[in-house]
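Peer 1: Sharing data-v7.cif here; it has mmCIF, C-alpha atoms.
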```cif
data_data
#
loop_
_atom_site.group_PDB
_atom_site.id
_atom_site.type_symbol
_atom_site.label_atom_id
_atom_site.label_comp_id
_atom_site.auth_asym_id
_atom_site.auth_seq_id
_atom_site.Cartn_x
_atom_site.Cartn_y
_atom_site.Cartn_z
ATOM 1 C CA MET A 1 50.761 46.224 -17.214
ATOM 2 C CA ASP A 2 49.223 48.516 -19.834
ATOM 3 C CA GLN A 3 45.825 50.149 -19.589
ATOM 4 C CA ASN A 4 44.119 47.493 -21.777
ATOM 5 C CA GLN A 5 45.467 44.578 -19.722
ATOM 6 C CA HIS A 6 44.364 46.285 -16.509
ATOM 7 C CA ALA A 7 40.850 46.837 -17.906
ATOM 8 C CA PHE A 8 40.678 43.197 -19.035
ATOM 9 C CA ARG A 9 41.740 41.844 -15.608
ATOM 10 C CA LYS A 10 39.187 44.088 -13.854
ATOM 11 C CA SER A 11 36.409 42.903 -16.148
ATOM 12 C CA ASP A 12 37.484 39.280 -15.650
ATOM 13 C CA SER A 13 37.392 39.646 -11.885
ATOM 14 C CA GLU A 14 33.953 41.259 -12.006
ATOM 15 C CA GLU A 15 32.679 38.348 -14.099
ATOM 16 C CA ILE A 16 34.030 35.830 -11.581
ATOM 17 C CA GLN A 17 32.369 37.736 -8.728
ATOM 18 C CA LYS A 18 29.065 37.826 -10.600
ATOM 19 C CA GLU A 19 29.293 34.108 -11.298
ATOM 20 C CA ALA A 20 30.119 33.362 -7.659
ATOM 21 C CA ALA A 21 27.145 35.459 -6.518
ATOM 22 C CA ARG A 22 24.907 33.614 -8.984
ATOM 23 C CA TYR A 23 25.974 30.202 -7.661
ATOM 24 C CA ARG A 24 25.633 31.446 -4.063
ATOM 25 C CA GLY A 25 22.073 32.509 -4.904
ATOM 26 C CA ILE A 26 21.276 29.057 -6.302
ATOM 27 C CA PHE A 27 22.890 27.368 -3.275
ATOM 28 C CA GLU A 28 20.834 29.414 -0.828
ATOM 29 C CA SER A 29 17.525 29.232 -2.684
ATOM 30 C CA VAL A 30 17.174 25.559 -3.699
ATOM 31 C CA PRO A 31 14.496 23.747 -1.679
ATOM 32 C CA VAL A 32 16.908 20.954 -0.712
ATOM 33 C CA SER A 33 19.233 20.902 2.270
ATOM 34 C CA ILE A 34 22.842 21.083 1.033
ATOM 35 C CA TRP A 35 25.970 20.592 3.112
ATOM 36 C CA VAL A 36 29.484 21.313 1.861
ATOM 37 C CA GLU A 37 32.027 19.186 3.701
ATOM 38 C CA ASP A 38 35.799 18.817 3.626
ATOM 39 C CA TRP A 39 36.658 15.116 3.651
ATOM 40 C CA THR A 40 40.379 15.546 2.885
ATOM 41 C CA GLU A 41 41.385 13.850 6.132
ATOM 42 C CA VAL A 42 38.730 11.111 5.797
ATOM 43 C CA ILE A 43 39.942 10.310 2.264
ATOM 44 C CA ARG A 44 43.540 10.174 3.534
ATOM 45 C CA LYS A 45 42.561 7.718 6.296
ATOM 46 C CA VAL A 46 40.610 5.469 3.876
ATOM 47 C CA ASN A 47 43.481 5.525 1.355
ATOM 48 C CA SER A 48 45.849 4.408 4.107
ATOM 49 C CA LEU A 49 43.636 1.340 4.623
ATOM 50 C CA LYS A 50 43.934 0.499 0.927
ATOM 51 C CA GLU A 51 47.708 0.779 1.250
ATOM 52 C CA GLN A 52 47.448 -1.729 4.119
ATOM 53 C CA ARG A 53 45.667 -4.069 1.658
ATOM 54 C CA VAL A 54 42.298 -3.912 3.416
ATOM 55 C CA THR A 55 39.703 -5.129 0.901
ATOM 56 C CA ASP A 56 36.639 -6.073 2.957
ATOM 57 C CA PHE A 57 35.737 -2.570 4.133
ATOM 58 C CA GLN A 58 32.325 -3.552 5.491
ATOM 59 C CA LYS A 59 33.939 -6.047 7.871
ATOM 60 C CA TYR A 60 36.785 -3.674 8.740
ATOM 61 C CA PHE A 61 34.502 -0.752 9.654
ATOM 62 C CA ARG A 62 32.176 -3.018 11.635
ATOM 63 C CA GLU A 63 35.088 -4.368 13.662
ATOM 64 C CA ASN A 64 36.956 -1.067 14.038
ATOM 65 C CA GLN A 65 34.452 1.398 15.461
ATOM 66 C CA GLY A 66 37.344 3.565 16.712
ATOM 67 C CA PHE A 67 38.467 4.158 13.113
ATOM 68 C CA VAL A 68 34.888 5.089 12.121
ATOM 69 C CA ALA A 69 34.475 7.517 15.051
ATOM 70 C CA ASP A 70 37.834 9.098 14.249
ATOM 71 C CA ALA A 71 36.893 9.465 10.559
ATOM 72 C CA LEU A 72 33.550 11.015 11.511
ATOM 73 C CA ARG A 73 35.344 13.629 13.612
ATOM 74 C CA SER A 74 37.686 14.340 10.691
ATOM 75 C CA ALA A 75 34.880 15.368 8.320
ATOM 76 C CA ARG A 76 34.653 19.168 8.520
ATOM 77 C CA ILE A 77 31.428 20.929 7.619
ATOM 78 C CA LEU A 78 32.281 24.068 5.681
ATOM 79 C CA ASP A 79 28.827 25.410 4.883
ATOM 80 C CA VAL A 80 25.106 24.633 4.858
ATOM 81 C CA ASN A 81 22.369 26.438 2.933
ATOM 82 C CA THR A 82 19.230 28.198 4.157
ATOM 83 C CA GLU A 83 16.967 25.169 3.517
ATOM 84 C CA THR A 84 19.092 23.222 6.003
ATOM 85 C CA LEU A 85 18.118 25.689 8.756
ATOM 86 C CA SER A 86 14.458 25.301 7.848
ATOM 87 C CA LEU A 87 14.600 21.475 7.721
ATOM 88 C CA PHE A 88 16.411 21.086 11.020
ATOM 89 C CA ARG A 89 14.586 24.023 12.651
ATOM 90 C CA ALA A 90 17.759 25.891 13.454
ATOM 91 C CA GLU A 91 18.017 29.671 13.800
ATOM 92 C CA SER A 92 21.508 30.043 12.382
ATOM 93 C CA LYS A 93 24.228 28.104 10.608
ATOM 94 C CA GLU A 94 26.366 28.337 13.734
ATOM 95 C CA GLN A 95 23.583 26.731 15.792
ATOM 96 C CA ILE A 96 23.323 23.734 13.459
ATOM 97 C CA LEU A 97 27.089 23.253 13.291
ATOM 98 C CA LYS A 98 27.166 23.126 17.101
ATOM 99 C CA SER A 99 24.242 20.661 17.256
ATOM 100 C CA LEU A 100 25.432 17.839 15.011
ATOM 101 C CA GLU A 101 25.252 15.319 17.862
ATOM 102 C CA ILE A 102 21.495 16.013 18.160
ATOM 103 C CA VAL A 103 20.952 15.803 14.381
ATOM 104 C CA PHE A 104 22.670 12.432 14.116
ATOM 105 C CA SER A 105 21.418 10.993 17.440
ATOM 106 C CA THR A 106 18.838 8.791 15.785
ATOM 107 C CA PRO A 107 17.752 5.285 16.679
ATOM 108 C CA ALA A 108 19.501 2.443 14.859
ATOM 109 C CA PRO A 109 17.410 1.125 11.925
ATOM 110 C CA MET B 110 27.317 5.916 13.127
ATOM 111 C CA THR B 111 25.636 3.166 11.032
ATOM 112 C CA GLY B 112 24.808 5.692 8.312
ATOM 113 C CA PHE B 113 28.362 6.991 8.277
ATOM 114 C CA ILE B 114 29.751 3.452 7.842
ATOM 115 C CA GLY B 115 27.712 3.187 4.613
ATOM 116 C CA GLU B 116 29.248 6.457 3.430
ATOM 117 C CA LEU B 117 32.765 5.261 4.263
ATOM 118 C CA ILE B 118 32.241 1.973 2.408
ATOM 119 C CA ALA B 119 31.024 3.851 -0.679
ATOM 120 C CA LEU B 120 34.088 6.103 -0.546
ATOM 121 C CA ALA B 121 36.466 3.163 -0.045
ATOM 122 C CA GLU B 122 34.897 1.291 -2.962
ATOM 123 C CA GLY B 123 35.512 4.275 -5.232
ATOM 124 C CA LYS B 124 31.883 5.258 -5.794
ATOM 125 C CA THR B 125 31.277 8.829 -6.899
ATOM 126 C CA VAL B 126 27.733 9.034 -5.539
ATOM 127 C CA TYR B 127 26.168 7.384 -2.494
ATOM 128 C CA ARG B 128 22.426 7.460 -1.752
ATOM 129 C CA THR B 129 20.628 6.210 1.318
ATOM 130 C CA GLU B 130 17.492 6.778 3.336
ATOM 131 C CA MET B 131 17.860 7.398 7.048
ATOM 132 C CA ALA B 132 16.332 9.026 10.113
ATOM 133 C CA LEU B 133 17.736 12.307 11.448
ATOM 134 C CA ARG B 134 16.621 14.581 14.257
ATOM 135 C CA THR B 135 15.724 18.287 14.195
ATOM 136 C CA LEU B 136 16.947 20.665 16.861
ATOM 137 C CA HIS B 137 13.389 20.486 18.277
ATOM 138 C CA ASN B 138 13.973 16.760 18.855
ATOM 139 C CA GLU B 139 11.601 15.573 16.082
ATOM 140 C CA LEU B 140 12.592 12.537 14.017
ATOM 141 C CA ILE B 141 12.535 13.099 10.255
ATOM 142 C CA GLN B 142 13.003 10.584 7.446
ATOM 143 C CA VAL B 143 15.399 11.802 4.762
ATOM 144 C CA LEU B 144 16.949 10.793 1.460
ATOM 145 C CA LEU B 145 20.645 11.572 1.698
ATOM 146 C CA THR B 146 22.946 11.841 -1.325
ATOM 147 C CA LEU B 147 26.704 12.271 -1.072
ATOM 148 C CA THR B 148 28.766 13.315 -4.075
ATOM 149 C CA PHE B 149 32.401 12.431 -3.611
ATOM 150 C CA PRO B 150 35.204 14.437 -5.285
ATOM 151 C CA GLY B 151 35.717 13.523 -8.923
ATOM 152 C CA GLU B 152 38.544 14.273 -11.325
ATOM 153 C CA ASN B 153 37.238 17.741 -12.155
ATOM 154 C CA SER B 154 36.142 18.854 -8.694
ATOM 155 C CA ALA B 155 37.923 20.347 -5.732
ATOM 156 C CA PRO B 156 39.893 17.653 -3.914
ATOM 157 C CA GLY B 157 38.428 16.585 -0.591
ATOM 158 C CA ILE B 158 35.143 18.483 -1.022
ATOM 159 C CA VAL B 159 31.992 16.389 -0.552
ATOM 160 C CA PHE B 160 28.506 17.715 -1.328
ATOM 161 C CA VAL B 161 25.660 16.309 0.723
ATOM 162 C CA SER B 162 22.029 16.881 -0.222
ATOM 163 C CA ILE B 163 19.190 15.979 2.124
ATOM 164 C CA MET B 164 15.533 15.699 1.078
ATOM 165 C CA ASP B 165 12.762 15.382 3.646
ATOM 166 C CA VAL B 166 10.529 12.383 2.816
ATOM 167 C CA THR B 167 8.782 12.143 6.205
ATOM 168 C CA HIS B 168 5.306 12.961 4.849
ATOM 169 C CA ALA B 169 5.676 10.609 1.880
ATOM 170 C CA ARG B 170 6.648 7.727 4.171
ATOM 171 C CA LYS B 171 3.745 8.481 6.564
ATOM 172 C CA THR B 172 1.313 8.469 3.637
ATOM 173 C CA GLU B 173 2.692 5.130 2.412
ATOM 174 C CA GLU B 174 2.300 3.667 5.904
ATOM 175 C CA ALA B 175 -1.292 4.948 6.191
ATOM 176 C CA LEU B 176 -2.153 3.407 2.792
ATOM 177 C CA ARG B 177 -0.591 0.105 3.809
ATOM 178 C CA ARG B 178 -2.611 0.043 7.058
ATOM 179 C CA MET B 179 -5.798 0.944 5.163
ATOM 180 C CA SER B 180 -5.186 -1.905 2.751
ATOM 181 C CA VAL B 181 -4.713 -4.342 5.652
ATOM 182 C CA SER B 182 -7.949 -3.065 7.291
ATOM 183 C CA ARG B 183 -9.883 -3.569 4.062
ATOM 184 C CA GLU B 184 -8.637 -7.108 3.717
ATOM 185 C CA LEU B 185 -9.641 -7.818 7.306
ATOM 186 C CA VAL B 186 -13.132 -6.357 6.882
ATOM 187 C CA GLY B 187 -13.597 -8.403 3.730
ATOM 188 C CA GLN B 188 -12.420 -11.561 5.454
ATOM 189 C CA ILE B 189 -14.761 -10.997 8.434
ATOM 190 C CA LEU B 190 -17.744 -10.483 6.112
ATOM 191 C CA ARG B 191 -16.855 -13.624 4.160
ATOM 192 C CA ASP B 192 -16.449 -15.669 7.357
ATOM 193 C CA LEU B 193 -19.808 -14.448 8.680
ATOM 194 C CA TRP B 194 -21.489 -15.218 5.392
ATOM 195 C CA PHE B 195 -20.021 -18.720 5.170
ATOM 196 C CA ALA B 196 -21.013 -19.355 8.780
ATOM 197 C CA GLY B 197 -24.570 -18.371 7.880
ATOM 198 C CA GLY B 198 -24.447 -15.604 10.463
ATOM 199 C CA LEU B 199 -25.718 -12.942 8.073
ATOM 200 C CA SER B 200 -29.098 -13.385 6.459
ATOM 201 C CA GLU B 201 -30.003 -12.105 2.996
ATOM 202 C CA ILE B 202 -32.223 -9.378 4.412
ATOM 203 C CA ILE B 203 -29.629 -8.148 6.919
ATOM 204 C CA LEU B 204 -27.025 -7.876 4.167
ATOM 205 C CA PHE B 205 -29.494 -6.060 1.883
ATOM 206 C CA ARG B 206 -30.332 -3.542 4.613
ATOM 207 C CA ALA B 207 -26.671 -3.047 5.543
ATOM 208 C CA GLY B 208 -25.840 -2.272 1.903
ATOM 209 C CA GLY B 209 -28.664 0.273 1.823
ATOM 210 C CA GLN B 210 -27.384 1.891 5.004
ATOM 211 C CA LEU B 211 -23.906 2.285 3.485
ATOM 212 C CA ALA B 212 -25.445 4.113 0.494
ATOM 213 C CA ALA B 213 -27.446 6.331 2.861
ATOM 214 C CA ARG B 214 -24.386 7.330 4.886
ATOM 215 C CA ILE B 215 -21.862 8.111 2.129
ATOM 216 C CA SER B 216 -21.641 11.871 1.663
ATOM 217 C CA VAL B 217 -21.307 12.031 -2.119
ATOM 218 C CA SER B 218 -23.724 13.227 -4.750
ATOM 219 C CA SER B 219 -23.018 11.572 -8.104
ATOM 220 C CA LEU B 220 -23.300 7.973 -9.294
ATOM 221 C CA ALA B 221 -19.595 7.860 -10.181
ATOM 222 C CA GLU B 222 -18.666 8.965 -6.652
ATOM 223 C CA PHE B 223 -20.908 6.301 -5.103
ATOM 224 C CA LEU B 224 -19.285 3.571 -7.182
ATOM 225 C CA GLU B 225 -15.811 4.914 -6.441
ATOM 226 C CA ALA B 226 -16.539 4.912 -2.698
ATOM 227 C CA PHE B 227 -17.825 1.328 -2.945
ATOM 228 C CA ALA B 228 -14.592 0.215 -4.596
ATOM 229 C CA SER B 229 -12.374 2.256 -2.284
ATOM 230 C CA VAL B 230 -13.510 0.377 0.817
ATOM 231 C CA GLY B 231 -12.658 -2.920 -0.837
ATOM 232 C CA LEU B 232 -16.169 -4.138 -1.652
ATOM 233 C CA GLY B 233 -15.390 -4.731 -5.336
ATOM 234 C CA THR B 234 -15.862 -2.804 -8.559
ATOM 235 C CA LEU B 235 -19.197 -1.738 -9.994
ATOM 236 C CA THR B 236 -19.701 -0.118 -13.384
ATOM 237 C CA ALA B 237 -22.945 1.349 -14.644
ATOM 238 C CA GLN B 238 -24.393 0.851 -18.100
ATOM 239 C CA LYS B 239 -26.982 3.431 -19.012
ATOM 240 C CA PRO B 240 -30.148 2.101 -20.674
ATOM 241 C CA MET B 241 -30.271 2.516 -24.448
ATOM 242 C CA LYS B 242 -33.813 3.766 -24.133
ATOM 243 C CA THR B 243 -36.395 4.021 -21.387
ATOM 244 C CA PRO B 244 -38.118 2.131 -19.837
ATOM 245 C CA GLN B 245 -35.220 -0.340 -19.916
ATOM 246 C CA PRO B 246 -33.526 -0.827 -16.558
ATOM 247 C CA TRP B 247 -30.084 0.429 -15.619
ATOM 248 C CA VAL B 248 -27.561 -2.364 -15.548
ATOM 249 C CA PHE B 249 -24.632 -2.545 -13.153
ATOM 250 C CA ILE B 250 -21.728 -4.932 -13.715
ATOM 251 C CA GLY B 251 -19.905 -6.136 -10.615
ATOM 252 C CA ASP B 252 -16.480 -7.723 -10.511
ATOM 253 C CA GLY B 253 -14.638 -9.191 -7.541
ATOM 254 C CA LEU B 254 -17.492 -8.373 -5.216
ATOM 255 C CA LEU B 255 -16.800 -9.162 -1.598
ATOM 256 C CA GLU B 256 -19.755 -11.478 -1.280
ATOM 257 C CA THR B 257 -18.977 -13.765 -4.184
ATOM 258 C CA LYS B 258 -17.962 -17.254 -3.225
ATOM 259 C CA ALA B 259 -16.185 -19.988 -5.168
ATOM 260 C CA TRP B 260 -19.420 -21.808 -5.940
ATOM 261 C CA SER B 261 -22.809 -21.604 -4.287
ATOM 262 C CA GLY B 262 -25.273 -22.227 -7.123
ATOM 263 C CA ALA B 263 -27.222 -19.104 -6.191
ATOM 264 C CA SER B 264 -26.861 -15.326 -6.340
ATOM 265 C CA THR B 265 -25.140 -14.124 -3.195
ATOM 266 C CA CYS B 266 -24.483 -10.381 -3.568
ATOM 267 C CA HIS B 267 -27.277 -9.120 -1.319
ATOM 268 C CA TYR B 268 -25.140 -6.398 0.273
ATOM 269 C CA THR B 269 -24.389 -5.005 -3.186
ATOM 270 C CA ARG B 270 -28.076 -5.220 -4.150
ATOM 271 C CA GLY B 271 -28.940 -3.218 -1.036
ATOM 272 C CA PHE B 272 -26.211 -0.709 -1.845
ATOM 273 C CA LEU B 273 -27.484 -0.174 -5.401
ATOM 274 C CA HIS B 274 -31.037 0.120 -4.068
ATOM 275 C CA GLY B 275 -29.865 2.854 -1.681
ATOM 276 C CA VAL B 276 -27.845 4.659 -4.335
ATOM 277 C CA VAL B 277 -30.618 4.778 -6.919
ATOM 278 C CA SER B 278 -33.196 5.749 -4.275
ATOM 279 C CA ARG B 279 -31.014 8.664 -3.181
ATOM 280 C CA LEU B 280 -30.096 9.848 -6.674
ATOM 281 C CA HIS B 281 -33.660 9.780 -7.982
ATOM 282 C CA GLY B 282 -35.605 10.501 -4.796
ATOM 283 C CA ASP B 283 -37.634 7.387 -5.483
ATOM 284 C CA THR B 284 -38.019 4.600 -2.940
ATOM 285 C CA ASN B 285 -40.002 2.400 -5.336
ATOM 286 C CA VAL B 286 -36.845 0.721 -6.634
ATOM 287 C CA SER B 287 -36.175 -2.932 -7.208
ATOM 288 C CA VAL B 288 -32.784 -4.505 -7.771
ATOM 289 C CA GLU B 289 -32.329 -7.983 -9.182
ATOM 290 C CA GLU B 290 -29.026 -9.833 -9.483
ATOM 291 C CA THR B 291 -29.416 -11.579 -12.843
ATOM 292 C CA HIS B 292 -25.892 -13.002 -13.044
ATOM 293 C CA CYS B 293 -23.511 -13.845 -10.230
ATOM 294 C CA GLN B 294 -19.902 -15.059 -10.124
ATOM 295 C CA SER B 295 -20.994 -17.320 -7.236
ATOM 296 C CA LYS B 296 -23.076 -19.239 -9.814
ATOM 297 C CA GLY B 297 -20.155 -19.486 -12.199
ATOM 298 C CA ASP B 298 -21.110 -16.473 -14.332
ATOM 299 C CA LYS B 299 -18.263 -14.363 -15.740
ATOM 300 C CA CYS B 300 -19.409 -11.335 -13.792
ATOM 301 C CA CYS B 301 -22.164 -10.205 -11.475
ATOM 302 C CA MET B 302 -24.961 -8.235 -13.135
ATOM 303 C CA PHE B 303 -27.686 -6.194 -11.495
ATOM 304 C CA GLU B 304 -30.802 -4.766 -13.101
ATOM 305 C CA VAL B 305 -32.281 -1.738 -11.375
ATOM 306 C CA HIS B 306 -35.942 -0.917 -12.032
ATOM 307 C CA THR B 307 -37.547 2.285 -10.891
ATOM 308 C CA ASN B 308 -40.507 4.370 -11.966
ATOM 309 C CA ARG B 309 -38.229 7.258 -12.924
ATOM 310 C CA LEU B 310 -35.600 5.343 -14.906
#
```
Do you think you could lay out the structure here as structure tokens?

Peer 2:
Amino acid sequence: MDQNQHAFRKSDSEEIQKEAARYRGIFESVPVSIWVEDWTEVIRKVNSLKEQRVTDFQKYFRENQGFVADALRSARILDVNTETLSLFRAESKEQILKSLEIVFSTPAP
Amino acid sequence: MTGFIGELIALAEGKTVYRTEMALRTLHNELIQVLLTLTFPGENSAPGIVFVSIMDVTHARKTEEALRRMSVSRELVGQILRDLWFAGGLSEIILFRAGGQLAARISVSSLAEFLEAFASVGLGTLTAQKPMKTPQPWVFIGDGLLETKAWSGASTCHYTRGFLHGVVSRLHGDTNVSVEETHCQSKGDKCCMFEVHTNRL
């Protein structure tokens, strides 16, 4: 790698870091609660239903609460922003991630 | 769990965005009403990553509920007044005095605010027409007044007459005011019309 290529890569990396910091700033400062979740496993489970030729999903989920509970456990929360702490009156991101049962323990509509 | 089923159905049906309103709970055990939006992974986004945005609409929903209840209360008050009037339980003079008392109790200071307050409690709309030149009277046009009936053959808006008497007396510091209802929807006129005479107008 010559000197010019090295300089270019360094500058490129700095740009990416700046961009990442900019998006992190937006994520943390917007006045809306934002959650980033990994649904890879949920999507896999739902796709397996399609392969089994399930078409009436409303009926299937209503009659298979075990599948729904399993899918809910499969959704992994990766991050939440600062507004989320304010909205749910949590002191830290760790606290809210440990308190999801409280957050979602609401009366049925 | 019910909310999550909706999310799963949206995902299974291939939707890219799912929006719903639901109740959640804070860590202080308070219920909040939220608008929840899920954005499922698209062709150009990271596979498996779902973005969830949550907006608190608790205050907006409470305000809507308060307005709905206020509207119901107004309808009830109007109905009670109509029933009493039809039953002959309220005499002309009682209604006139009650209208005057309403004008005396409202804590506003301009004519426009008085008329707005009158409309806001569901008594009907009143608009003022300034006299072209003195000593002509002020004219108030009433529409949909609470006291109007389908057909009575006589002017019936005594509460409104009392109200206008009270308003003009307060605004001009003059108790020597007379209010006449010259037209009334109860008589089949297109609108109700009141002429207000006072020494200072």

Peer 1: Select residues of chain B: the criterion is any atom within 7 Å of an atom of chain A, counting all atoms listed in the file; output as a PyMOL selection string.

Peer 2: chain B and resi 114+118+121+132-137+157-164

Peer 1: Rounded to one decimal in Å, what is the spacing between atom CA of Lys171 of chain B and atom CA of Gln142 of chain B?

Peer 2: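 Answer for the atom CA of Lys171 of chain B to atom CA of Gln142 of chain B separation: 9.5 Å.
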
Peer 1: Tell me, in Å to one decimal, how far atom CA of Val230 of chain B is from atom CA of Tyr268 of chain B.

Peer 2: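 Value for the atom CA of Val230 of chain B-atom CA of Tyr268 of chain B distance: 13.5 Å.
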
Peer 1: Could you give me, as an mmCIF file with C-alpha atoms, in the frame of the given file, the residues within 10 Å of Thr234 of chain B, counting only C-alpha atoms and dropping anything in the same chain fewer than 5 positions from it?

Peer 2:
```cif
data_model
loop_
_atom_site.group_PDB
_atom_site.id
_atom_site.type_symbol
_atom_site.label_atom_id
_atom_site.label_comp_id
_atom_site.auth_asym_id
_atom_site.auth_seq_id
_atom_site.Cartn_x
_atom_site.Cartn_y
_atom_site.Cartn_z
ATOM 1 C CA LEU B 224 -19.285 3.571 -7.182
ATOM 2 C CA GLU B 225 -15.811 4.914 -6.441
ATOM 3 C CA ALA B 226 -16.539 4.912 -2.698
ATOM 4 C CA PHE B 227 -17.825 1.328 -2.945
ATOM 5 C CA ALA B 228 -14.592 0.215 -4.596
ATOM 6 C CA SER B 229 -12.374 2.256 -2.284
ATOM 7 C CA PHE B 249 -24.632 -2.545 -13.153
ATOM 8 C CA ILE B 250 -21.728 -4.932 -13.715
ATOM 9 C CA GLY B 251 -19.905 -6.136 -10.615
ATOM 10 C CA ASP B 252 -16.480 -7.723 -10.511
ATOM 11 C CA GLY B 253 -14.638 -9.191 -7.541
ATOM 12 C CA LEU B 254 -17.492 -8.373 -5.216
ATOM 13 C CA LEU B 255 -16.800 -9.162 -1.598
#
```

Peer 1: To one decimal place, how far is atom CA of Gln245 of chain B from atom CA of Arg279 of chain B in Å?

Peer 2: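 One can read the atom CA of Gln245 of chain B to atom CA of Arg279 of chain B distance as 19.5 Å.
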
Peer 1: Looking at B:Phe149, B:Phe272, B:Trp247, B:Phe113, which one is nearest to Met131 of chain B, with distances taken over all atoms listed in the file?

Peer 2: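 The closest residue to Met131 of chain B is B:Phe113.
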
Peer 1: Decode the PyMOL selection byres ((chain B and resi 220) around 10) for the given file into explicit residues and return them as a ChimeraX atom specification.

Peer 2: /B:217-219,221-226,236-237,273,276-277,279-280

Peer 1: Do you know which residues the PyMOL selection byres ((chain B and resi 212) around 6) returns on this file, as a list in words?

Peer 2: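 Output from the PyMOL selection byres ((chain B and resi 212) around 6), applied to this file: Gly209, Gln210, Leu211, Ala213, Arg214, Ile215, Phe272, Gly275 and Val276 of chain B.
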
Peer 1: For the file shown, report as a ChimeraX atom specification the outcome of the PyMOL selection byres ((chain B and resi 294-305) around 10) at residue level.

Peer 2: /B:235-238,245-254,256-266,269-270,273-274,277,286-293,306-307,310

Peer 1: What lies within 9 Å of Glu116 of chain B using only C-alpha atoms, ignoring chain neighbours under 4 positions off, as a list in words?

Peer 2: Gly112, Leu120, Ala121, Tyr127, Arg128, Thr129 and Leu147 of chain B
